[in-house]
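Undergrad: This is the structure I have questions about; it appears just below.
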Amino acid sequence: LSPNQAVINGATSSGSDIDSWDGRAVVYERVRVSNLRRADHFLKFFEQAHCQMVEMEALEHDASIVDAEFVTHLTGRLLDSELLPPTPVMSKEYSALCDIAEMTANDSFDLFFGMYKYNDNGRELLNKMRDNLATLERQLAAREAYLAAKSEMLSNDRQKLMAETRMLLQEIAKNGGLGNLQQPPTTAPRLNAKTPFQQSNSGKDGDADDVISLPKAS
């Protein structure tokens with residue numbers, strides 16, 4: 001290359017709308033620039049297209065974005081039309097998932113394989129995704145088992161209460177009604193010792209009766 005020729009290393013993020021630059025991230029590095037005005041004029045094209053301009057060295061870019069790109073494409077390839085059917089009303093989160101699935105569907109498998117093969121963390125990220133899915137399955141199974149056991153315990157308590165109620169109703173019917181149910185005997189307490197308020201009076205037959213009298217007001 002001629003010394004007068006500029007070298008700008010750049011990369012853009014992919015998106016579901018391949019015909020639009022609006023909102024895309026453009027990462028660039030001024031590798032060799034002798035004419036700053038011409039280089040700025042070149043970069044201004046992407047700025048006017050409403051791109052997100054990020055100046056970063058290539059090695060730093062690869063280290064910071066390679067994992068995110070692989071996880072994004074992995075997630076998109078796990079989703080398909082059966083998991084993301086069209087709905088009359090789509091939430092913002094659902095629309096984002098549909099965009100990811102559509103974006104990755106337009107990319108070749110060779111691109112995805114390159115993200116995996118040349119990423120030192122590719123296998124680790126894949127195993128992590130698998131482990132996370134297995135953890136979610138175990139959590140769902142545990143919660144389902146807990147709710148089933150709780151429902152069974154409540155059902156057993158309800159059946160026990162119904163059995164006791166049935167026995168009580170049978171006893172009522174056998175004894176002819178509520179009034180004939182056996183009641184525990186109740187006796188009034190007897191006064192064994194005389195108090196200052198007790199007086200002994202004799203009746204005609206000479207028997208002594210204990211009565212309680214209140215003191216007269218003075």
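Naming scheme: A, B, ... for chains in displayed order of the structure tokens; residues 1 onward per chain; ligands 1 onward as shown.
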Would you please extract all alpha helix (DSSP H) residues from stretch 1-181 of chain A, as assigned by DSSP on the backbone, and give them as an MDAnalysis selection string?

TA: chainID A and resid 36:48 58:78 92:105 109:117 122:174

Undergrad: Fewer than 3 positions away in the same chain doesn't count, so skip those; otherwise give me all residues within 10 Å of stretch 6-12 of chain A, counting only C-alpha atoms, as a count of residues only.

TA: 31

Undergrad: Within 9 Å of stretch 76-86 of chain A, counting only C-alpha atoms, which residues show up once you throw out same-chain ones fewer than 4 positions away? Write them as an NGL selection string, please.

TA: :A and (71-72 or 90 or 94 or 97-105)

Undergrad: Per DSSP on the backbone, what are the strand (DSSP E) residues of stretch 18-201 of chain A, as a list in words?

TA: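 Going through stretch 18-201 of chain A, the strand (DSSP E) residues come out as Ala25, Val26, Val27, Tyr28, Glu29, Arg30, Val31, Arg32, Gln52, Met53, Val54, Glu55, Gln198, Gln199, Ser200 and Asn201 of chain A.
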
Undergrad: Go ahead and write the selection's residues with C-alpha atoms as a PDB file, in the first residue's frame.

TA:
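Just written: out-v2.pdb:
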ATOM      1  CA  ALA A  25     -22.647  -0.887  16.145  1.00  0.00           C
ATOM      2  CA  VAL A  26     -19.586  -0.071  14.071  1.00  0.00           C
ATOM      3  CA  VAL A  27     -16.288  -0.860  15.781  1.00  0.00           C
ATOM      4  CA  TYR A  28     -13.235   0.638  14.074  1.00  0.00           C
ATOM      5  CA  GLU A  29      -9.516   1.151  14.594  1.00  0.00           C
ATOM      6  CA  ARG A  30      -7.339   3.728  12.846  1.00  0.00           C
ATOM      7  CA  VAL A  31      -4.473   1.409  11.945  1.00  0.00           C
ATOM      8  CA  ARG A  32      -2.672   3.854   9.656  1.00  0.00           C
ATOM      9  CA  GLN A  52     -23.248   3.426  16.974  1.00  0.00           C
ATOM     10  CA  MET A  53     -19.585   4.330  16.480  1.00  0.00           C
ATOM     11  CA  VAL A  54     -17.075   2.655  18.825  1.00  0.00           C
ATOM     12  CA  GLU A  55     -13.334   3.160  18.407  1.00  0.00           C
ATOM     13  CA  GLN A 198     -72.855 -18.059 106.637  1.00  0.00           C
ATOM     14  CA  GLN A 199     -75.474 -18.412 109.355  1.00  0.00           C
ATOM     15  CA  SER A 200     -77.104 -21.551 110.650  1.00  0.00           C
ATOM     16  CA  ASN A 201     -80.915 -21.495 110.911  1.00  0.00           C
TER      17      ASN A 201
END

Undergrad: Can you work out the spacing between atom CA of A:Lys128 and atom CA of A:Thr75 in Å, to one decimal?

TA: 12.4 Å

Undergrad: Suppose you want the space between atom CA of A:Ile65 and atom CA of A:Asn132; what is it in Å?

TA: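 Taking atom CA of A:Ile65 as the start and atom CA of A:Asn132 as the end point, the length is 21.3 Å.
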
Undergrad: Interatomic distance between atom CA of A:Phe112 and atom CA of A:Phe70?

TA: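 According to the coordinates, atom CA of A:Phe112 and atom CA of A:Phe70 are separated by 7.4 Å.
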